[in-house]
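Undergrad: So here's run_21.cif, just mmCIF, C-alpha atoms:
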data_work
loop_
_atom_site.label_atom_id
_atom_site.label_comp_id
_atom_site.auth_asym_id
_atom_site.auth_seq_id
_atom_site.Cartn_x
_atom_site.Cartn_y
_atom_site.Cartn_z
CA MET A 1 7.56 31.63 -36.58
CA THR A 2 10.78 30.09 -37.88
CA GLU A 3 11.00 26.86 -39.85
CA HIS A 4 12.19 24.94 -36.78
CA THR A 5 9.21 25.24 -34.49
CA LEU A 6 7.78 23.02 -31.79
CA LYS A 7 4.56 22.75 -33.78
CA GLY A 8 6.67 21.48 -36.63
CA ALA A 9 7.71 18.55 -34.46
CA SER A 10 4.20 17.13 -34.78
CA VAL A 11 4.28 16.68 -38.55
CA ALA A 12 5.64 13.66 -40.31
CA THR A 13 7.54 15.38 -43.11
CA GLY A 14 10.55 17.60 -43.53
CA GLU A 15 12.54 18.90 -40.59
CA GLY A 16 9.62 18.29 -38.24
CA ARG A 17 9.61 14.49 -38.57
CA LEU A 18 9.84 12.34 -35.47
CA PRO A 19 11.86 11.10 -33.67
CA ARG A 20 13.89 14.29 -33.22
CA MET A 21 15.70 16.17 -30.49
CA PHE A 22 14.30 18.99 -28.43
CA GLY A 23 17.00 20.26 -26.10
CA LYS A 24 18.13 17.14 -24.24
CA LEU A 25 14.84 15.33 -24.88
CA LEU A 26 14.30 12.92 -27.74
CA LEU A 27 10.74 13.48 -29.01
CA LEU A 28 9.33 10.12 -30.08
CA LYS A 29 5.61 10.38 -30.80
CA LEU A 30 2.69 12.81 -30.65
CA ILE A 31 0.22 11.23 -28.21
CA ALA A 32 -2.42 13.92 -27.64
CA GLU A 33 -3.68 17.20 -29.11
CA GLY A 34 -6.13 19.69 -27.67
CA GLU A 35 -6.99 23.28 -26.83
CA ARG A 36 -4.63 23.15 -23.88
CA GLY A 37 -1.62 21.95 -25.85
CA ASP A 38 0.05 19.03 -27.61
CA VAL A 39 1.64 16.14 -25.70
CA PHE A 40 4.59 14.09 -26.92
CA ALA A 41 6.13 10.90 -25.59
CA ALA A 42 9.85 11.53 -25.18
CA LEU A 43 13.03 10.01 -23.83
CA ARG A 44 14.61 11.89 -20.95
CA PRO A 45 18.36 11.42 -20.40
CA VAL A 46 18.81 11.52 -16.63
CA GLU A 47 20.96 9.17 -14.53
CA ILE A 48 18.96 6.33 -16.06
CA GLU A 49 17.21 7.08 -19.35
CA ARG A 50 13.45 6.95 -18.97
CA PHE A 51 10.39 7.90 -20.92
CA CYS A 52 8.44 11.03 -20.09
CA ALA A 53 5.64 13.21 -21.42
CA LEU A 54 6.34 16.63 -22.94
CA LYS A 55 3.34 18.97 -22.99
CA ILE A 56 3.74 22.01 -25.24
CA LEU A 57 1.24 24.81 -24.74
CA PRO A 58 -0.40 26.73 -27.59
CA GLU A 59 1.54 29.75 -28.73
CA THR A 60 -1.22 32.06 -27.46
CA ALA A 61 -0.52 30.86 -23.91
CA THR A 62 2.85 32.64 -23.83
CA LEU A 63 1.93 35.93 -25.46
CA THR A 64 1.60 37.73 -22.12
CA SER A 65 4.57 38.38 -19.89
CA GLU A 66 2.20 38.33 -16.89
CA LEU A 67 1.39 34.65 -17.41
CA VAL A 68 5.05 33.68 -17.80
CA THR A 69 5.97 35.67 -14.67
CA ALA A 70 3.19 34.01 -12.66
CA LEU A 71 4.20 30.55 -13.87
CA ARG A 72 7.84 31.22 -13.05
CA ALA A 73 6.81 32.06 -9.46
CA GLU A 74 4.79 28.84 -9.21
CA ALA A 75 7.11 26.49 -11.09
CA SER A 76 9.43 25.53 -8.23
CA SER A 77 6.50 24.37 -6.09
CA LEU A 78 4.98 22.40 -8.97
CA VAL A 79 8.10 20.28 -9.51
CA ARG A 80 8.21 19.44 -5.80
CA ARG A 81 4.69 17.95 -5.74
CA ILE A 82 4.88 14.20 -5.20
CA HIS A 83 1.70 12.18 -4.69
CA GLY A 84 0.70 8.74 -5.91
CA ASN A 85 -2.41 10.06 -7.67
CA VAL A 86 -0.86 13.15 -9.26
CA VAL A 87 1.25 13.09 -12.42
CA GLN A 88 4.70 14.26 -11.35
CA THR A 89 6.18 17.30 -13.10
CA PHE A 90 9.95 17.16 -13.63
CA ASP A 91 10.63 20.46 -15.38
CA ILE A 92 8.91 23.58 -16.73
CA GLY A 93 10.49 25.79 -19.36
CA MET A 94 10.28 27.72 -22.60
CA GLY A 95 11.50 26.77 -26.05
CA ASP A 96 10.90 28.55 -29.33
CA HIS A 97 8.80 31.07 -27.36
CA ARG A 98 6.39 28.41 -26.13
CA LEU A 99 5.85 27.01 -22.65
CA PHE A 100 6.42 23.31 -22.03
CA PHE A 101 6.08 20.84 -19.15
CA VAL A 102 8.13 17.67 -18.75
CA SER A 103 6.25 15.13 -16.64
CA GLU A 104 5.69 11.49 -15.82
CA LEU A 105 4.47 9.32 -18.70
CA VAL A 106 1.50 7.09 -17.86
CA GLU A 107 1.13 3.93 -19.95
CA GLY A 108 -2.58 3.55 -20.65
CA GLY A 109 -5.24 6.09 -21.64
CA ASP A 110 -7.31 8.96 -20.32
CA LEU A 111 -10.72 8.75 -18.69
CA ALA A 112 -12.54 10.54 -21.52
CA GLN A 113 -11.24 7.99 -24.03
CA LEU A 114 -12.22 5.07 -21.78
CA ILE A 115 -15.76 6.36 -21.27
CA SER A 116 -16.20 6.99 -24.99
CA ARG A 117 -14.89 3.59 -26.08
CA LEU A 118 -16.91 1.64 -23.50
CA LYS A 119 -20.03 3.51 -24.59
CA GLN A 120 -19.37 2.70 -28.26
CA GLU A 121 -18.87 -0.97 -27.40
CA GLY A 122 -21.90 -1.07 -25.11
CA LYS A 123 -19.81 -2.32 -22.20
CA PRO A 124 -20.79 -0.82 -18.82
CA LEU A 125 -17.97 -0.18 -16.37
CA PRO A 126 -18.34 -2.26 -13.19
CA ALA A 127 -19.67 -0.01 -10.42
CA GLU A 128 -16.89 -0.97 -8.02
CA VAL A 129 -14.28 0.07 -10.59
CA ALA A 130 -16.05 3.40 -11.16
CA VAL A 131 -16.07 4.04 -7.40
CA TYR A 132 -12.39 3.12 -7.14
CA VAL A 133 -11.48 5.59 -9.89
CA ALA A 134 -13.53 8.32 -8.19
CA MET A 135 -11.81 7.61 -4.86
CA GLU A 136 -8.37 7.96 -6.41
CA VAL A 137 -9.35 11.20 -8.15
CA ALA A 138 -10.72 12.51 -4.86
CA ALA A 139 -7.40 11.71 -3.16
CA ALA A 140 -5.55 13.65 -5.87
CA LEU A 141 -7.88 16.66 -5.61
CA ALA A 142 -7.65 16.69 -1.81
CA TYR A 143 -3.85 16.80 -2.07
CA LEU A 144 -3.92 19.52 -4.74
CA ARG A 145 -6.35 21.61 -2.68
CA GLN A 146 -4.07 21.31 0.37
CA THR A 147 -1.09 22.51 -1.67
CA CYS A 148 -3.14 25.44 -2.98
CA GLU A 149 -4.11 26.42 0.57
CA ARG A 150 -0.46 26.36 1.63
CA GLU A 151 0.36 28.76 -1.19
CA SER A 152 -1.52 31.93 -0.35
CA THR A 153 -1.32 33.19 -3.94
CA THR A 154 -3.26 30.16 -5.22
CA ALA A 155 -5.67 29.50 -2.33
CA GLY A 156 -9.21 29.11 -3.61
CA ALA A 157 -8.05 28.76 -7.22
CA PRO A 158 -10.12 26.40 -9.40
CA LEU A 159 -8.39 23.16 -10.32
CA ALA A 160 -9.81 23.29 -13.88
CA LEU A 161 -9.94 19.57 -14.67
CA SER A 162 -11.75 17.43 -17.23
CA ALA A 163 -12.09 13.72 -17.94
CA ARG A 164 -9.02 14.09 -20.17
CA SER A 165 -7.03 15.19 -17.11
CA VAL A 166 -7.48 11.76 -15.48
CA LEU A 167 -4.98 9.14 -16.68
CA LEU A 168 -5.50 5.41 -16.18
CA SER A 169 -2.57 2.99 -16.35
CA THR A 170 -2.30 -0.65 -17.31
CA ASP A 171 -1.29 -1.29 -13.68
CA GLY A 172 -4.64 0.05 -12.44
CA GLU A 173 -3.22 3.37 -11.30
CA VAL A 174 -5.29 6.57 -11.46
CA LYS A 175 -3.39 9.85 -11.84
CA VAL A 176 -4.54 13.43 -12.30
CA ALA A 177 -2.55 15.70 -14.62
CA HIS A 178 -2.53 19.21 -13.16
CA TYR A 179 -0.27 22.04 -14.30
CA GLY A 180 -0.84 24.53 -11.51
CA ALA A 181 -3.13 27.42 -10.66
CA THR A 182 -1.65 29.77 -13.27
CA LEU A 183 -2.68 27.56 -16.17
CA SER A 184 -5.95 26.60 -14.47
CA ARG A 185 -7.01 30.24 -14.55
CA ALA A 186 -6.09 30.45 -18.25
CA ALA A 187 -7.64 27.10 -19.24
CA PRO A 188 -10.21 27.07 -22.09
CA ARG A 189 -13.69 26.86 -20.57
CA THR A 190 -14.88 24.35 -23.16
CA GLU A 191 -12.78 21.49 -21.78
CA ILE A 192 -13.12 21.74 -18.02
CA ILE A 193 -15.82 20.71 -15.54
CA LEU A 194 -17.59 23.75 -14.12
CA PRO A 195 -20.07 23.50 -11.21
CA PRO A 196 -23.32 25.46 -11.55
CA GLU A 197 -23.31 28.95 -10.08
CA PRO A 198 -24.86 28.74 -6.57
CA ALA A 199 -27.91 30.82 -5.71
CA GLY A 200 -26.71 34.18 -4.36
CA GLY A 201 -23.41 33.90 -6.25
CA ARG A 202 -19.95 32.86 -5.11
CA ALA A 203 -19.62 35.85 -2.80
CA ALA A 204 -22.08 34.17 -0.43
CA THR A 205 -19.61 31.30 0.17
CA PRO A 206 -16.07 31.62 1.64
CA ALA A 207 -13.45 31.12 -1.07
CA ALA A 208 -11.80 28.07 0.53
CA ALA A 209 -15.12 26.32 1.24
CA SER A 210 -16.38 27.15 -2.25
CA ALA A 211 -13.21 25.73 -3.85
CA ALA A 212 -13.44 22.51 -1.82
CA ALA A 213 -17.11 22.14 -2.79
CA ASP A 214 -16.21 22.67 -6.44
CA ASP A 215 -13.59 19.90 -6.17
CA VAL A 216 -16.31 17.58 -4.85
CA TYR A 217 -18.50 18.49 -7.83
CA ILE A 218 -15.67 17.54 -10.22
CA VAL A 219 -15.43 14.05 -8.68
CA GLY A 220 -19.23 13.70 -8.79
CA ASP A 221 -19.29 14.71 -12.46
CA LEU A 222 -16.59 12.18 -13.37
CA LEU A 223 -18.27 9.40 -11.39
CA TRP A 224 -21.61 10.13 -13.07
CA GLN A 225 -19.88 9.81 -16.46
CA LEU A 226 -18.31 6.51 -15.41
CA LEU A 227 -21.65 5.08 -14.31
CA THR A 228 -23.85 6.41 -17.12
CA GLY A 229 -21.54 7.27 -20.02
CA GLU A 230 -23.02 10.79 -20.12
CA ARG A 231 -22.34 14.19 -18.61
CA PRO A 232 -24.76 14.98 -15.74
CA ASP A 233 -27.85 16.96 -16.76
CA PRO A 234 -28.59 19.68 -14.15
CA ALA A 235 -32.27 19.73 -15.16
CA LEU A 236 -32.59 15.99 -14.60
CA LEU A 237 -30.76 16.16 -11.29
CA ALA A 238 -33.08 18.93 -10.05
CA ALA A 239 -36.28 17.21 -11.22
CA SER A 240 -38.59 16.03 -8.47
CA GLY A 241 -39.41 12.37 -8.10
CA THR A 242 -36.15 11.17 -9.65
CA ALA A 243 -34.18 10.52 -6.48
CA PRO A 244 -32.62 7.04 -6.81
CA THR A 245 -32.89 4.51 -4.03
CA ASP A 246 -29.38 3.19 -4.73
CA ALA A 247 -26.96 4.43 -2.05
CA LEU A 248 -24.21 5.05 -4.58
CA MET A 249 -26.37 7.22 -6.83
CA ARG A 250 -27.64 9.16 -3.82
CA LEU A 251 -24.04 9.93 -2.94
CA VAL A 252 -23.24 10.96 -6.52
CA ARG A 253 -26.26 13.24 -6.65
CA SER A 254 -25.25 14.86 -3.36
CA ALA A 255 -21.81 15.62 -4.85
CA LEU A 256 -23.55 17.21 -7.86
CA ASP A 257 -26.00 19.28 -5.84
CA ALA A 258 -26.42 22.79 -7.24
CA ASN A 259 -26.10 24.12 -3.70
CA PRO A 260 -22.44 23.76 -2.57
CA ALA A 261 -23.54 23.68 1.07
CA ARG A 262 -25.40 20.39 0.47
CA ARG A 263 -22.39 18.63 -1.06
CA PRO A 264 -19.85 16.71 1.06
CA ALA A 265 -17.58 19.35 2.62
CA ASP A 266 -14.43 18.29 0.76
CA CYS A 267 -12.87 15.48 -1.23
CA ASP A 268 -11.52 13.73 1.86
CA ARG A 269 -15.04 13.31 3.24
CA LEU A 270 -16.40 12.28 -0.14
CA ARG A 271 -13.63 9.70 -0.43
CA THR A 272 -14.48 8.26 2.98
CA SER A 273 -18.12 7.86 1.91
CA LEU A 274 -17.09 6.28 -1.38
CA ALA A 275 -14.83 3.85 0.47
CA ALA A 276 -17.74 2.71 2.66
CA THR A 277 -19.84 2.23 -0.47
CA LEU A 278 -17.06 0.24 -2.13
CA ARG A 279 -16.73 -2.05 0.88
CA ALA A 280 -20.48 -2.71 0.80
CA MET A 281 -20.45 -3.74 -2.87
CA THR A 282 -17.26 -5.83 -2.80
CA THR A 283 -17.46 -9.56 -2.13
CA SER A 284 -14.76 -11.91 -0.92
CA VAL A 285 -14.39 -13.38 -4.43
CA SER A 286 -14.18 -10.04 -6.20
CA ALA A 287 -10.89 -9.16 -7.86
CA PRO A 288 -9.41 -5.93 -6.46
CA ALA A 289 -10.84 -2.89 -8.25
CA ALA A 290 -7.33 -1.75 -9.26
CA ALA A 291 -6.66 -5.11 -10.93
CA GLN A 292 -10.00 -4.94 -12.73
CA LEU A 293 -9.20 -1.42 -13.95
CA GLY A 294 -5.81 -2.52 -15.27
CA ASP A 295 -7.45 -5.36 -17.22
CA ILE A 296 -10.07 -2.98 -18.65
CA VAL A 297 -7.44 -0.44 -19.70
CA ARG A 298 -5.34 -3.09 -21.46
CA ALA A 299 -8.40 -4.54 -23.24
CA THR A 300 -9.91 -1.17 -24.19
CA PHE A 301 -6.69 0.40 -25.50
CA ALA A 302 -5.15 -2.75 -26.96
CA GLY A 303 -2.79 -1.70 -29.75
CA ALA A 304 -3.29 1.99 -28.96
CA LEU A 305 -1.86 2.48 -25.49
CA THR A 306 -0.60 5.97 -24.73
CA GLY A 307 3.02 5.65 -23.66
CA ASP A 308 3.38 2.03 -24.81
CA ARG A 309 6.92 1.25 -23.62
CA ALA A 310 7.50 -1.48 -26.22
CA GLU A 311 6.50 0.81 -29.10
CA LEU A 312 8.57 3.71 -27.76
CA GLY A 313 11.55 1.42 -27.33
CA GLN A 314 11.38 0.53 -31.01
CA LEU A 315 11.24 4.23 -31.94
CA VAL A 316 14.37 4.87 -29.88
CA LYS A 317 16.19 2.04 -31.68
CA ALA A 318 15.14 3.42 -35.05
CA PHE A 319 16.42 6.93 -34.27
CA ASP A 320 19.45 7.92 -36.30
CA PRO A 321 21.49 10.50 -34.34
CA ARG A 322 23.35 11.48 -37.50
CA ARG A 323 20.24 13.37 -38.60
CA GLU A 324 20.79 15.69 -35.64
CA LEU A 325 24.30 16.88 -36.56
CA ALA A 326 22.80 20.30 -37.37
CA PRO A 327 20.05 20.75 -34.78
CA PRO A 328 17.56 23.64 -34.89
CA THR A 329 18.61 26.81 -33.14
CA TRP A 330 15.75 27.25 -30.66
CA LYS A 331 16.75 28.07 -27.13
CA VAL A 332 15.36 26.03 -24.25
CA ILE A 333 15.30 27.66 -20.82
CA THR A 334 14.11 26.31 -17.48
CA LEU A 335 11.57 28.23 -15.40
CA SER A 336 11.44 25.81 -12.47
CA ARG A 337 14.06 26.29 -9.78
CA THR A 338 14.65 23.88 -6.94
CA ASP A 339 17.64 25.64 -5.38
CA ILE A 340 15.55 26.85 -2.43
CA PRO A 341 16.41 26.45 1.27
CA GLY A 342 16.89 22.77 1.89
CA SER A 343 17.84 22.06 -1.73
CA THR A 344 21.00 22.10 -3.80
CA SER A 345 21.43 23.85 -7.14
CA SER A 346 21.08 20.50 -8.87
CA GLY A 347 17.56 20.12 -7.52
CA ARG A 348 18.43 17.54 -4.89
CA ARG A 349 17.45 18.08 -1.33
CA THR A 350 20.23 18.59 1.21
CA LYS A 351 19.82 15.67 3.59
CA SER A 352 20.44 15.67 7.30
CA VAL A 353 20.67 12.78 9.72
CA HIS A 354 18.78 14.95 12.20
CA ASP A 355 15.67 15.20 9.98
CA HIS A 356 14.17 11.89 11.18
CA VAL A 357 10.59 12.21 12.42
CA ASP A 358 9.06 9.40 14.46
CA LEU A 359 5.41 8.73 13.52
CA THR A 360 3.05 8.11 16.40
CA ALA A 361 0.19 5.59 16.57
CA GLY A 362 -3.06 6.88 15.10
CA LYS A 363 -1.36 9.39 12.75
CA VAL A 364 -1.99 9.27 8.98
CA VAL A 365 1.29 9.45 7.07
CA PRO A 366 1.24 12.74 5.10
CA GLY A 367 0.46 12.27 1.42
CA THR A 368 -0.82 8.69 1.90
CA ARG A 369 -3.96 6.83 3.01
CA TYR A 370 -2.10 4.82 5.69
CA ARG A 371 -2.58 5.23 9.45
CA ILE A 372 0.17 4.16 11.85
CA VAL A 373 -0.85 1.36 14.23
CA SER A 374 2.42 0.65 16.02
CA LYS A 375 6.19 0.73 15.62
CA ILE A 376 7.66 -2.66 14.74
CA GLY A 377 11.38 -2.01 14.50
CA GLU A 378 14.20 0.30 13.43
CA GLY A 379 17.36 -0.21 11.40
CA GLY A 380 20.11 1.60 9.54
CA MET A 381 17.86 2.54 6.61
CA GLY A 382 14.72 3.53 8.47
CA THR A 383 11.80 2.51 10.67
CA VAL A 384 9.14 -0.15 10.07
CA TYR A 385 5.57 0.36 11.27
CA ALA A 386 2.42 -1.71 11.34
CA ALA A 387 -0.18 0.37 9.50
CA GLU A 388 -3.63 0.14 7.95
CA HIS A 389 -5.30 1.70 4.93
CA VAL A 390 -7.81 4.24 6.27
CA ASP A 391 -10.45 3.38 3.66
CA ILE A 392 -10.32 -0.37 3.13
CA GLU A 393 -8.72 -1.21 6.54
CA ARG A 394 -6.08 -3.40 4.92
CA LYS A 395 -3.15 -4.17 7.23
CA VAL A 396 0.32 -3.45 5.85
CA ALA A 397 3.94 -3.11 6.91
CA LEU A 398 5.19 0.40 6.16
CA LYS A 399 8.87 1.27 6.01
CA VAL A 400 9.86 4.93 6.32
CA LEU A 401 13.39 5.71 5.13
CA ARG A 402 15.65 7.94 7.19
CA ALA A 403 16.09 11.47 5.84
CA ASP A 404 19.73 10.79 4.99
CA ALA A 405 18.73 7.66 3.05
CA ALA A 406 15.66 9.08 1.32
CA PRO A 407 15.79 9.31 -2.49
CA ASP A 408 15.70 12.52 -4.47
CA ALA A 409 12.96 13.09 -7.04
CA GLU A 410 14.89 11.38 -9.84
CA THR A 411 15.65 8.25 -7.83
CA LEU A 412 12.08 8.22 -6.50
CA GLN A 413 10.83 7.63 -10.04
CA LEU A 414 13.13 4.60 -10.30
CA PHE A 415 11.69 3.31 -7.00
CA ARG A 416 8.21 3.70 -8.43
CA GLN A 417 9.05 1.71 -11.55
CA GLU A 418 10.60 -1.08 -9.47
CA ALA A 419 7.56 -1.12 -7.19
CA ARG A 420 5.21 -1.48 -10.16
CA ALA A 421 7.26 -4.40 -11.47
CA ALA A 422 7.36 -6.06 -8.04
CA SER A 423 3.60 -5.65 -7.57
CA LYS A 424 3.01 -7.83 -10.64
CA ILE A 425 4.77 -10.80 -9.02
CA GLY A 426 2.20 -13.21 -7.63
CA SER A 427 3.59 -15.82 -5.27
CA ALA A 428 2.72 -17.10 -1.82
CA TYR A 429 6.44 -16.91 -0.97
CA ILE A 430 6.91 -13.20 -1.75
#
In structure tokens, write the structure found in this file.
TA:
Amino acid sequence: MTEHTLKGASVATGEGRLPRMFGKLLLLKLIAEGERGDVFAALRPVEIERFCALKILPETATLTSELVTALRAEASSLVRRIHGNVVQTFDIGMGDHRLFFVSELVEGGDLAQLISRLKQEGKPLPAEVAVYVAMEVAAALAYLRQTCERESTTAGAPLALSARSVLLSTDGEVKVAHYGATLSRAAPRTEIILPPEPAGGRAATPAAASAAADDVYIVGDLLWQLLTGERPDPALLAASGTAPTDALMRLVRSALDANPARRPADCDRLRTSLAATLRAMTTSVSAPAAAQLGDIVRATFAGALTGDRAELGQLVKAFDPRRELAPPTWKVITLSRTDIPGSTSSGRRTKSVHDHVDLTAGKVVPGTRYRIVSKIGEGGMGTVYAAEHVDIERKVALKVLRADAAPDAETLQLFRQEARAASKIGSAYI
């Protein structure tokens, strides 16, 4: 490889020192390394500059033209995935002959780090927080499975996740980082959660049902780790006379059953069962599980938060653009294309005032956990509904913007940041 390589961006000396430019991104800090690639915190110059994560895959991942071709075919759908529990991907491309992903940056840490640190400190995670995390992961996996089923080329594909794939924010958010079916199939087996092979082999189970059951197993494995600090032992789970009387552990063991047919059918059903369990263990004086998680993340990763905005802001201020007068010569190309029917070449959806869809009572809003109760009113920007959370039965007011007023993906990220800031305001008058 040449002197100016992406791998060189991770070292602290010579031309590879950070901060430095990569295309239009300003690489600020290396925040994670692993078999599946290195991840940098970066500054992304869009309409409003914002921080992002840049994942650069190992060089071996791009040696085959077949993998690049498959990823190119999948890339446009990946950048259109928007779900509250899934890390949003902004761009996919190649630079210096290596694949990279530009995605949302989560301020906090990953689940594997949290489990490890709590175990070292001898601090058990509150059961209600563990259940909350599992519910959010289940919501993400249910959404990802639905998108796979809509894409015939990826239906039944394994999601290939690990505890490192689950990101926890200081705001109590839980997000799953997933880079599509193409990379899932090429993922190193040492990092991901693999269900045991069912008796009779996979051929005995329909592909879609088998994939949904495997997703349930992933959630069960993560929840077991949260509750015990250890990976589940199949021998212990299968041993007679060890069935727990605790309802939560019975549910976890059912999700980890070696027989896929005895697990909950899919992540939606598992999430419903977990929600009932959470309601049973929550008292009127308990702090919300999301708030508890945020406090735990801040305390556990104090001084070492991934994506710490204050630290990254200082790195941006310290960057001297004069060092970049002679940038490296690598070429950065984009694989993701959003100029499909209904989109413009800039990636923004063509909006129509005729796209408005009226939601009826009893319907769950797609991509959310909110069920419409009734229509309250309608204005120039959209329609307001009375709704309730399907799991915790919390009553909310839900405003749905008109299609011609709805934000594009870039502006949506700004909405998210404003919403997070607003959610921290505690006042009886707001």
Undergrad: Return the single residue from A:Tyr179, A:Tyr385, A:Tyr132, A:Phe301 that is closest to Thr272 (chain A), with distances computed using only C-alpha atoms.
TA: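 The answer is A:Tyr132, which sits nearest to Thr272 (chain A).
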Undergrad: Assuming the chain letters and numbering stay as they are in my file, what does the PyMOL selection byres ((chain A and resi 92) around 12) actually select? List them as a PDB file with C-alpha atoms, in the frame of the given file.
TA:
ATOM      1  CA  ALA A  53       5.640  13.210 -21.420  1.00  0.00           C
ATOM      2  CA  LEU A  54       6.340  16.630 -22.940  1.00  0.00           C
ATOM      3  CA  LYS A  55       3.340  18.970 -22.990  1.00  0.00           C
ATOM      4  CA  ILE A  56       3.740  22.010 -25.240  1.00  0.00           C
ATOM      5  CA  LEU A  57       1.240  24.810 -24.740  1.00  0.00           C
ATOM      6  CA  VAL A  68       5.050  33.680 -17.800  1.00  0.00           C
ATOM      7  CA  LEU A  71       4.200  30.550 -13.870  1.00  0.00           C
ATOM      8  CA  ARG A  72       7.840  31.220 -13.050  1.00  0.00           C
ATOM      9  CA  ALA A  73       6.810  32.060  -9.460  1.00  0.00           C
ATOM     10  CA  GLU A  74       4.790  28.840  -9.210  1.00  0.00           C
ATOM     11  CA  ALA A  75       7.110  26.490 -11.090  1.00  0.00           C
ATOM     12  CA  SER A  76       9.430  25.530  -8.230  1.00  0.00           C
ATOM     13  CA  SER A  77       6.500  24.370  -6.090  1.00  0.00           C
ATOM     14  CA  LEU A  78       4.980  22.400  -8.970  1.00  0.00           C
ATOM     15  CA  VAL A  79       8.100  20.280  -9.510  1.00  0.00           C
ATOM     16  CA  ARG A  80       8.210  19.440  -5.800  1.00  0.00           C
ATOM     17  CA  GLN A  88       4.700  14.260 -11.350  1.00  0.00           C
ATOM     18  CA  THR A  89       6.180  17.300 -13.100  1.00  0.00           C
ATOM     19  CA  PHE A  90       9.950  17.160 -13.630  1.00  0.00           C
ATOM     20  CA  ASP A  91      10.630  20.460 -15.380  1.00  0.00           C
ATOM     21  CA  GLY A  93      10.490  25.790 -19.360  1.00  0.00           C
ATOM     22  CA  MET A  94      10.280  27.720 -22.600  1.00  0.00           C
ATOM     23  CA  GLY A  95      11.500  26.770 -26.050  1.00  0.00           C
ATOM     24  CA  ARG A  98       6.390  28.410 -26.130  1.00  0.00           C
ATOM     25  CA  LEU A  99       5.850  27.010 -22.650  1.00  0.00           C
ATOM     26  CA  PHE A 100       6.420  23.310 -22.030  1.00  0.00           C
ATOM     27  CA  PHE A 101       6.080  20.840 -19.150  1.00  0.00           C
ATOM     28  CA  VAL A 102       8.130  17.670 -18.750  1.00  0.00           C
ATOM     29  CA  SER A 103       6.250  15.130 -16.640  1.00  0.00           C
ATOM     30  CA  TYR A 179      -0.270  22.040 -14.300  1.00  0.00           C
ATOM     31  CA  GLY A 180      -0.840  24.530 -11.510  1.00  0.00           C
ATOM     32  CA  VAL A 332      15.360  26.030 -24.250  1.00  0.00           C
ATOM     33  CA  ILE A 333      15.300  27.660 -20.820  1.00  0.00           C
ATOM     34  CA  THR A 334      14.110  26.310 -17.480  1.00  0.00           C
ATOM     35  CA  LEU A 335      11.570  28.230 -15.400  1.00  0.00           C
ATOM     36  CA  SER A 336      11.440  25.810 -12.470  1.00  0.00           C
ATOM     37  CA  ARG A 337      14.060  26.290  -9.780  1.00  0.00           C
ATOM     38  CA  THR A 338      14.650  23.880  -6.940  1.00  0.00           C
TER      39      THR A 338
END
Undergrad: Could you expand the PyMOL selection byres ((chain A and resi 368) around 10) into the explicit residues it covers here, written as a PyMOL selection string?
TA: chain A and resi 83-85+139+143+364-367+369-371+389-390
Undergrad: Between A:Leu293, A:Val216, A:Ala275, A:Leu28, which residue has the minimum interatomic distance to Glu393 (chain A), considering all atoms listed in the file?
TA: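 Distance minimum relative to Glu393 (chain A) lands on A:Ala275.
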Undergrad: Given the point (-21.9, 22.8, -6.2) in the coordinates of this file, which residues lie within 9 Å, counting only C-alpha atoms, and how would they look as a tab-separated table (two decimals) with C-alpha atoms, in the frame of the given file?
TA:
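Below is the file that was written, result_17.tsv:
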chain	number	residue	atom	x	y	z
A	195	PRO	CA	-20.07	23.50	-11.21
A	196	PRO	CA	-23.32	25.46	-11.55
A	197	GLU	CA	-23.31	28.95	-10.08
A	198	PRO	CA	-24.86	28.74	-6.57
A	210	SER	CA	-16.38	27.15	-2.25
A	213	ALA	CA	-17.11	22.14	-2.79
A	214	ASP	CA	-16.21	22.67	-6.44
A	215	ASP	CA	-13.59	19.90	-6.17
A	216	VAL	CA	-16.31	17.58	-4.85
A	217	TYR	CA	-18.50	18.49	-7.83
A	255	ALA	CA	-21.81	15.62	-4.85
A	256	LEU	CA	-23.55	17.21	-7.86
A	257	ASP	CA	-26.00	19.28	-5.84
A	258	ALA	CA	-26.42	22.79	-7.24
A	259	ASN	CA	-26.10	24.12	-3.70
A	260	PRO	CA	-22.44	23.76	-2.57
A	261	ALA	CA	-23.54	23.68	1.07
A	262	ARG	CA	-25.40	20.39	0.47
A	263	ARG	CA	-22.39	18.63	-1.06
Undergrad: Under the rule that only C-alpha atoms are counted, which of A:Ala160, A:Leu27, A:Ala127, A:Val166 is the nearest residue to Ala247 (chain A)?
TA: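 Of all the options, A:Ala127 lies closest to Ala247 (chain A).
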Undergrad: Mind pulling up the distance from CA of Ala287 (chain A) to CA of Gly108 (chain A)?
TA: 19.9 Å
Undergrad: Quick one: 6 Å padding each side, axis-aligned, all listed atoms of region 229-235 of chain A - centre and edge lengths in Å to one decimal, as JSON?
TA:
{"center_x": -26.9, "center_y": 13.5, "center_z": -17.1, "size_x": 22.7, "size_y": 24.5, "size_z": 18.0}
Undergrad: Point out the residue among A:Glu128, A:Glu59, A:Asp320, A:Glu104 with the least atom-to-atom distance to Gln292 (chain A), counting only C-alpha atoms.
TA: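 For Gln292 (chain A), the nearest of the given residues is A:Glu128.
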Undergrad: For Asp268 (chain A), which residue among A:Glu136, A:Glu173, A:Glu35, A:Asp295 is the nearest when counting all atoms listed in the file?
TA: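 The answer is A:Glu136, which sits nearest to Asp268 (chain A).
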Undergrad: Can you spell out as JSON, numbers by chain the set of residues that the PyMOL selection byres ((chain A and resi 225) around 12) selects in the structure I just provided?
TA: {"A": [111, 112, 113, 114, 115, 116, 118, 119, 124, 125, 127, 130, 131, 133, 134, 162, 163, 193, 218, 219, 220, 221, 222, 223, 224, 226, 227, 228, 229, 230, 231, 232, 233, 249, 252, 256]}
